[in-house]
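Shown next: coords04.csv, containing CSV, C-alpha atoms.
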chain,number,residue,atom,x,y,z
K,1,ASP,CA,5.8,36.1,-15.4
K,2,ALA,CA,3.8,37.2,-12.4
K,3,GLY,CA,6.8,38.6,-10.5
K,4,VAL,CA,7.3,38.1,-6.8
K,5,ILE,CA,3.9,37.8,-5.0
K,6,GLN,CA,3.4,38.8,-1.4
K,7,SER,CA,0.4,38.5,0.8
K,8,PRO,CA,-1.3,40.2,2.5
K,9,ARG,CA,-0.6,43.6,1.1
K,10,HIS,CA,-1.8,45.3,4.3
K,11,GLU,CA,-2.0,44.0,7.8
K,12,VAL,CA,-3.3,45.7,10.9
K,13,THR,CA,-3.0,43.8,14.1
K,14,GLU,CA,-2.8,44.4,17.9
K,15,MET,CA,0.3,44.1,20.0
K,16,GLY,CA,0.9,40.5,21.1
K,17,GLN,CA,-0.7,38.9,18.1
K,18,GLU,CA,1.1,36.6,15.7
K,19,VAL,CA,1.6,37.9,12.2
K,20,THR,CA,2.5,35.8,9.2
K,21,LEU,CA,3.7,37.3,6.0
K,22,ARG,CA,3.8,35.2,2.8
K,23,CYS,CA,5.9,35.3,-0.3
K,24,LYS,CA,6.0,33.4,-3.6
K,25,PRO,CA,9.3,34.1,-5.5
K,26,ILE,CA,9.6,34.2,-9.3
K,27,SER,CA,9.5,30.7,-10.6
K,28,GLY,CA,13.0,29.2,-11.1
K,29,HIS,CA,14.7,31.7,-8.8
K,30,ASP,CA,17.1,30.1,-6.3
K,31,TYR,CA,17.5,33.0,-3.9
K,32,LEU,CA,14.9,34.6,-1.7
K,33,PHE,CA,15.3,37.6,0.6
K,34,TRP,CA,13.2,39.3,3.3
K,35,TYR,CA,13.7,43.0,3.9
K,36,ARG,CA,12.1,45.5,6.3
K,37,GLN,CA,11.8,49.2,5.4
K,38,THR,CA,11.2,51.9,8.0
K,39,MET,CA,11.7,55.7,7.9
K,40,MET,CA,14.2,55.5,10.7
K,41,ARG,CA,16.4,52.5,9.5
K,42,GLY,CA,15.8,52.5,5.8
K,43,LEU,CA,15.9,49.2,4.0
K,44,GLU,CA,17.3,46.3,6.1
K,45,LEU,CA,18.0,42.8,5.0
K,46,LEU,CA,16.5,40.4,7.6
K,47,ILE,CA,17.3,37.0,6.1
K,48,TYR,CA,18.0,35.2,2.9
K,49,PHE,CA,17.7,31.7,1.5
K,50,ASN,CA,19.5,29.8,-1.2
K,51,ASN,CA,17.7,26.7,-2.6
K,52,ASN,CA,15.3,26.9,0.4
K,53,VAL,CA,18.2,26.9,3.0
K,54,PRO,CA,18.7,29.9,5.2
K,55,ILE,CA,22.1,31.4,4.5
K,56,ASP,CA,22.3,34.5,6.6
K,57,ASP,CA,19.8,35.5,9.3
K,58,SER,CA,22.0,38.0,11.0
K,59,GLY,CA,19.6,40.7,10.2
K,60,MET,CA,16.7,39.2,12.1
K,61,PRO,CA,16.1,41.6,14.9
K,62,GLU,CA,15.2,39.2,17.7
K,63,ASP,CA,13.8,35.8,18.5
K,64,ARG,CA,10.3,37.0,17.9
K,65,PHE,CA,11.1,36.9,14.2
K,66,SER,CA,11.3,33.6,12.3
K,67,ALA,CA,11.4,32.7,8.6
K,68,LYS,CA,10.9,29.5,6.7
K,69,MET,CA,11.1,28.3,3.2
K,70,PRO,CA,9.5,24.8,3.0
K,71,ASN,CA,9.8,24.7,-0.8
K,72,ALA,CA,11.1,26.6,-3.8
K,73,SER,CA,7.9,28.5,-4.3
K,74,PHE,CA,6.9,29.6,-0.8
K,75,SER,CA,8.3,31.4,2.2
K,76,THR,CA,6.9,32.9,5.4
K,77,LEU,CA,8.1,35.5,7.8
K,78,LYS,CA,6.5,35.2,11.2
K,79,ILE,CA,6.5,37.7,14.1
K,80,GLN,CA,5.3,36.3,17.4
K,81,PRO,CA,4.4,38.2,19.5
K,82,SER,CA,4.2,41.4,17.5
K,83,GLU,CA,5.1,44.8,18.9
K,84,PRO,CA,4.3,48.4,17.7
K,85,ARG,CA,7.9,48.9,16.7
K,86,ASP,CA,7.6,46.1,14.2
K,87,SER,CA,5.4,48.4,12.1
K,88,ALA,CA,7.1,48.7,8.7
K,89,VAL,CA,6.9,47.6,5.1
K,90,TYR,CA,8.2,44.1,4.6
K,91,PHE,CA,9.5,43.2,1.2
K,92,CYS,CA,10.3,39.8,-0.3
K,93,ALA,CA,12.7,39.6,-3.2
K,94,SER,CA,14.1,36.8,-5.3
K,95,SER,CA,17.0,36.4,-7.7
K,96,LEU,CA,18.6,33.8,-10.0
K,97,ASN,CA,22.3,33.0,-9.6
K,98,ARG,CA,22.9,32.5,-13.3
K,99,GLY,CA,22.1,34.0,-16.7
K,100,HIS,CA,22.1,37.5,-18.0
K,101,HIS,CA,20.3,39.0,-14.9
K,102,ARG,CA,22.1,37.0,-12.3
K,103,GLU,CA,22.4,38.6,-8.9
K,104,THR,CA,19.6,41.1,-9.7
K,105,GLN,CA,17.0,41.1,-7.0
K,106,TYR,CA,13.4,41.5,-8.0
K,107,PHE,CA,11.1,42.8,-5.3
K,108,GLY,CA,7.5,42.0,-4.5
K,109,PRO,CA,5.0,44.8,-3.8
K,110,GLY,CA,5.6,44.6,0.0
K,111,THR,CA,3.3,44.1,3.0
K,112,ARG,CA,2.5,47.1,5.0
K,113,LEU,CA,2.3,46.0,8.6
K,114,LEU,CA,0.8,48.2,11.4
K,115,VAL,CA,0.9,46.9,14.9
K,116,LEU,CA,-1.3,48.8,17.3
V,1,ALA,CA,31.9,46.1,5.5
V,2,GLN,CA,30.6,47.9,2.5
V,3,THR,CA,28.8,51.3,2.8
V,4,VAL,CA,26.7,53.2,0.3
V,5,THR,CA,26.2,56.9,0.6
V,6,GLN,CA,23.6,59.0,-1.1
V,7,SER,CA,24.3,62.6,-0.1
V,8,GLN,CA,21.2,64.2,-1.6
V,9,PRO,CA,18.1,63.4,0.5
V,10,GLU,CA,15.8,65.3,-1.8
V,11,MET,CA,16.0,66.8,-5.3
V,12,SER,CA,13.6,68.3,-7.8
V,13,VAL,CA,13.7,68.7,-11.6
V,14,GLN,CA,11.5,70.3,-14.1
V,15,GLU,CA,9.7,68.0,-16.5
V,16,ALA,CA,11.7,67.3,-19.6
V,17,GLU,CA,15.0,68.4,-17.9
V,18,THR,CA,17.9,66.2,-16.9
V,19,VAL,CA,18.8,65.4,-13.4
V,20,THR,CA,21.7,63.5,-11.8
V,21,LEU,CA,21.5,61.6,-8.6
V,22,SER,CA,24.8,60.9,-6.8
V,23,CYS,CA,26.0,57.8,-5.0
V,24,THR,CA,29.3,56.8,-3.5
V,25,TYR,CA,30.4,53.6,-2.0
V,26,ASP,CA,33.2,52.1,0.0
V,27,THR,CA,34.6,48.7,-0.5
V,28,SER,CA,37.9,46.8,-0.7
V,29,GLU,CA,36.5,44.3,-3.2
V,30,ASN,CA,37.3,44.4,-6.9
V,31,ASN,CA,34.4,42.5,-8.3
V,32,TYR,CA,30.9,43.7,-7.5
V,33,TYR,CA,27.6,44.9,-8.8
V,34,LEU,CA,25.9,48.3,-8.5
V,35,PHE,CA,22.2,49.0,-8.9
V,36,TRP,CA,19.7,51.8,-8.9
V,37,TYR,CA,16.2,51.0,-7.7
V,38,LYS,CA,13.2,53.2,-7.9
V,39,GLN,CA,10.4,53.3,-5.3
V,40,PRO,CA,7.3,55.3,-6.4
V,41,PRO,CA,4.6,56.2,-3.9
V,42,SER,CA,3.1,52.7,-4.4
V,43,ARG,CA,6.2,51.5,-2.4
V,44,GLN,CA,7.0,48.9,-5.1
V,45,MET,CA,10.8,48.5,-5.5
V,46,ILE,CA,11.6,48.6,-9.2
V,47,LEU,CA,15.1,47.9,-10.7
V,48,VAL,CA,16.1,50.8,-12.9
V,49,ILE,CA,19.6,49.9,-14.0
V,50,ARG,CA,22.6,47.7,-13.0
V,51,GLN,CA,26.3,47.9,-13.6
V,52,GLU,CA,29.0,45.2,-13.3
V,53,ALA,CA,32.2,46.6,-11.9
V,54,TYR,CA,34.4,44.8,-14.4
V,55,LYS,CA,32.7,46.6,-17.3
V,56,GLN,CA,34.2,49.9,-18.2
V,57,GLN,CA,31.2,50.9,-20.3
V,58,ASN,CA,28.5,52.8,-18.5
V,59,ALA,CA,25.1,51.0,-18.4
V,60,THR,CA,22.2,52.6,-20.2
V,61,GLU,CA,18.5,51.9,-20.1
V,62,ASN,CA,16.5,54.2,-22.3
V,63,ARG,CA,16.4,57.6,-20.5
V,64,PHE,CA,18.4,56.3,-17.6
V,65,SER,CA,22.2,56.1,-17.7
V,66,VAL,CA,25.0,55.9,-15.1
V,67,ASN,CA,28.4,57.5,-14.7
V,68,PHE,CA,30.5,54.7,-13.1
V,69,GLN,CA,33.8,55.9,-11.8
V,70,LYS,CA,35.5,52.8,-10.3
V,71,ALA,CA,38.6,54.6,-9.0
V,72,ALA,CA,36.5,57.3,-7.3
V,73,LYS,CA,33.9,54.7,-6.1
V,74,SER,CA,31.2,56.8,-7.6
V,75,PHE,CA,28.0,55.6,-9.3
V,76,SER,CA,25.7,58.4,-10.3
V,77,LEU,CA,22.3,58.1,-12.1
V,78,LYS,CA,21.3,60.5,-14.9
V,79,ILE,CA,17.7,60.8,-15.9
V,80,SER,CA,17.2,62.5,-19.2
V,81,ASP,CA,13.9,64.1,-20.4
V,82,SER,CA,12.4,63.7,-16.9
V,83,GLN,CA,8.8,62.6,-16.7
V,84,LEU,CA,6.2,63.0,-14.0
V,85,GLY,CA,6.2,59.2,-13.5
V,86,ASP,CA,9.9,59.5,-12.5
V,87,THR,CA,8.8,61.0,-9.2
V,88,ALA,CA,10.0,58.5,-6.6
V,89,MET,CA,12.6,57.6,-4.1
V,90,TYR,CA,15.7,56.3,-5.7
V,91,PHE,CA,18.0,53.9,-3.9
V,92,CYS,CA,21.6,53.1,-4.8
V,93,ALA,CA,22.7,49.5,-3.9
V,94,PHE,CA,25.9,47.5,-3.9
V,95,MET,CA,26.6,43.8,-3.9
V,96,THR,CA,29.9,42.0,-3.8
V,97,ALA,CA,30.2,39.3,-6.5
V,98,TYR,CA,31.5,36.4,-4.4
V,99,SER,CA,31.9,33.1,-6.1
V,100,GLY,CA,29.3,30.7,-4.8
V,101,GLY,CA,26.6,33.3,-5.1
V,102,TYR,CA,26.7,35.2,-1.8
V,103,GLN,CA,24.3,37.9,-2.4
V,104,LYS,CA,24.0,40.4,0.4
V,105,VAL,CA,23.0,43.8,-0.9
V,106,THR,CA,23.7,47.1,0.9
V,107,PHE,CA,21.3,49.9,0.1
V,108,GLY,CA,21.8,53.6,0.5
V,109,THR,CA,19.4,55.8,2.3
V,110,GLY,CA,17.7,57.1,-0.8
V,111,THR,CA,17.1,60.3,-2.7
V,112,LYS,CA,13.6,61.6,-3.0
V,113,LEU,CA,13.1,63.0,-6.5
V,114,GLN,CA,10.2,65.3,-7.4
V,115,VAL,CA,9.5,66.0,-11.1
V,116,ILE,CA,7.8,69.4,-11.4
V,117,PRO,CA,5.3,69.9,-14.2

Go ahead and render the structure in this file as structure tokens.
Amino acid sequence: DAGVIQSPRHEVTEMGQEVTLRCKPISGHDYLFWYRQTMMRGLELLIYFNNNVPIDDSGMPEDRFSAKMPNASFSTLKIQPSEPRDSAVYFCASSLNRGHHRETQYFGPGTRLLVL
Amino acid sequence: AQTVTQSQPEMSVQEAETVTLSCTYDTSENNYYLFWYKQPPSRQMILVIRQEAYKQQNATENRFSVNFQKAAKSFSLKISDSQLGDTAMYFCAFMTAYSGGYQKVTFGTGTKLQVIP
């Protein structure tokens, strides 16, 4: 199993630009999560999906952030327009709601975003 | 709302020694899950161990074990025979086991562990 795949691993962009982060969950997992990690705020849940449907987006900081999951194997997190305070590591995680390891979230390697 | 507290921002341990990282949580729920995740300098989040609240037996994974005290709402992680590769940030996490699969996880602020050669 390849694990959760995220791309790009690093992104440097200028303020005002659109940024799109991508995630491929573990095959067969029915939950997908987007997290943001910063020194100041720690690890924050932004949004999560169940069977491709957004369930809780209360952690999305503002309208500049949007997330989609068009199918079971792909999700995007978009920031438009980006701001320097969006600089962080963004993690995608997935989990399976059944079986021995149900409710255990497996994380991708993260995308390190720097907005100049 | 649930809260997770890790009161030790940083710790160090000599290689081959044993270290215990503390975690307390606050919840009114009876059924839940607890996790320890490890984040090495690579920033990857790696699951170390998980515990179901309904299980009295403490979870163990090789050199890693937990001391789960449900009444005290305490969930400490013990690392035995510490290795240099254990150097990382360790996060304690909590998730309520709602029926229907609601899966919001609350993370602690982390403990930075340094294993000294």

Could you list, as a JSON list (two decimals) with C-alpha atoms, keeping the file's coordinate frame, every residue within 6 Å of stretch 16-28 of chain V, counting all atoms listed in the file and ignoring same-chain residues fewer than 2 positions away?
[["chain", "number", "residue", "atom", "x", "y", "z"],
["V", 2, "GLN", "CA", 30.60, 47.90, 2.50],
["V", 3, "THR", "CA", 28.80, 51.30, 2.80],
["V", 4, "VAL", "CA", 26.70, 53.20, 0.30],
["V", 5, "THR", "CA", 26.20, 56.90, 0.60],
["V", 6, "GLN", "CA", 23.60, 59.00, -1.10],
["V", 14, "GLN", "CA", 11.50, 70.30, -14.10],
["V", 73, "LYS", "CA", 33.90, 54.70, -6.10],
["V", 74, "SER", "CA", 31.20, 56.80, -7.60],
["V", 75, "PHE", "CA", 28.00, 55.60, -9.30],
["V", 76, "SER", "CA", 25.70, 58.40, -10.30],
["V", 77, "LEU", "CA", 22.30, 58.10, -12.10],
["V", 78, "LYS", "CA", 21.30, 60.50, -14.90],
["V", 79, "ILE", "CA", 17.70, 60.80, -15.90],
["V", 80, "SER", "CA", 17.20, 62.50, -19.20],
["V", 81, "ASP", "CA", 13.90, 64.10, -20.40],
["V", 82, "SER", "CA", 12.40, 63.70, -16.90]]

Using only C-alpha atoms, which residue out of V:Asn31, V:Pro9, V:Arg63, V:Tyr90 lies closest to V:Gln44? V:Tyr90

Determine, using all atoms listed in the file, which residues of chain V have any atom at most 12 Å from an atom of chain K, and tabulate each with its shortest atom pair and distance in Å to one decimal place, rows ordered by chain and then rising number, as CSV.
residue,atom,partner,partner_atom,distance
V:Tyr32,CA,K:Glu103,CA,10.0
V:Tyr33,CA,K:Glu103,CA,8.2
V:Leu34,CA,K:Thr104,CA,9.6
V:Phe35,CA,K:Thr104,CA,8.4
V:Trp36,CA,K:Thr104,CA,10.7
V:Tyr37,CA,K:Tyr106,CA,9.9
V:Lys38,CA,K:Phe107,CA,10.9
V:Gln39,CA,K:Pro109,CA,10.2
V:Pro40,CA,K:Pro109,CA,11.1
V:Pro41,CA,K:Pro109,CA,11.4
V:Ser42,CA,K:Pro109,CA,8.1
V:Arg43,CA,K:Pro109,CA,6.9
V:Gln44,CA,K:Pro109,CA,4.7
V:Met45,CA,K:Phe107,CA,5.7
V:Ile46,CA,K:Phe107,CA,7.0
V:Leu47,CA,K:Tyr106,CA,7.2
V:Val48,CA,K:Thr104,CA,10.8
V:Ile49,CA,K:Thr104,CA,9.8
V:Arg50,CA,K:Thr104,CA,8.0
V:Gln51,CA,K:Thr104,CA,10.3
V:Glu52,CA,K:Glu103,CA,10.3
V:Met89,CA,K:Gly42,CA,11.6
V:Phe91,CA,K:Leu43,CA,9.4
V:Cys92,CA,K:Leu43,CA,11.2
V:Ala93,CA,K:Leu43,CA,10.4
V:Phe94,CA,K:Thr104,CA,10.7
V:Met95,CA,K:Glu103,CA,8.3
V:Thr96,CA,K:Glu103,CA,9.7
V:Ala97,CA,K:Glu103,CA,8.2
V:Tyr98,CA,K:Glu103,CA,10.4
V:Ser99,CA,K:Asn97,CA,10.2
V:Gly100,CA,K:Asn97,CA,8.8
V:Gly101,CA,K:Asn97,CA,6.2
V:Tyr102,CA,K:Ile55,CA,8.7
V:Gln103,CA,K:Glu103,CA,6.8
V:Lys104,CA,K:Leu45,CA,7.9
V:Val105,CA,K:Leu45,CA,7.8
V:Thr106,CA,K:Leu45,CA,8.2
V:Phe107,CA,K:Leu43,CA,6.7
V:Gly108,CA,K:Gly42,CA,8.1
V:Thr109,CA,K:Gly42,CA,6.0
V:Gly110,CA,K:Gly42,CA,8.3
V:Thr111,CA,K:Gly42,CA,11.6

For atom CA of V:Ala59 and atom CA of V:Glu10, determine how far apart the two atoms are, in Å to one decimal place.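 We find that atom CA of V:Ala59 and atom CA of V:Glu10 lie 23.8 Å from each other.
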
What's the separation between atom CA of V:Ala53 and atom CA of K:Tyr90, in Å to one decimal place?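 According to the coordinates, atom CA of V:Ala53 and atom CA of K:Tyr90 are separated by 29.2 Å.
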
As a check of understanding: the span from atom CA of K:Gly3 to atom CA of K:Pro70 is 19.5 Å

For K:Ala72, find every residue with an atom within 9 Å (counting all atoms listed in the file), except residues of its own chain fewer than 6 positions away, and show them as number ranges by chain. K: 24-25, 27-30, 51-52

Taking C-alpha atoms for each residue, export the selection above as a PDB file, in the coordinates of the input.
ATOM      1  CA  LYS K  24       6.000  33.400  -3.600  1.00  0.00           C
ATOM      2  CA  PRO K  25       9.300  34.100  -5.500  1.00  0.00           C
ATOM      3  CA  SER K  27       9.500  30.700 -10.600  1.00  0.00           C
ATOM      4  CA  GLY K  28      13.000  29.200 -11.100  1.00  0.00           C
ATOM      5  CA  HIS K  29      14.700  31.700  -8.800  1.00  0.00           C
ATOM      6  CA  ASP K  30      17.100  30.100  -6.300  1.00  0.00           C
ATOM      7  CA  ASN K  51      17.700  26.700  -2.600  1.00  0.00           C
ATOM      8  CA  ASN K  52      15.300  26.900   0.400  1.00  0.00           C
TER       9      ASN K  52
END

Which residue out of K:Met69, K:Thr13, K:Arg36, K:Val53 has the minimum interatomic distance to K:Pro84 when only C-alpha atoms are used?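 When distances to K:Pro84 are compared using only C-alpha atoms, the smallest one comes from K:Thr13.
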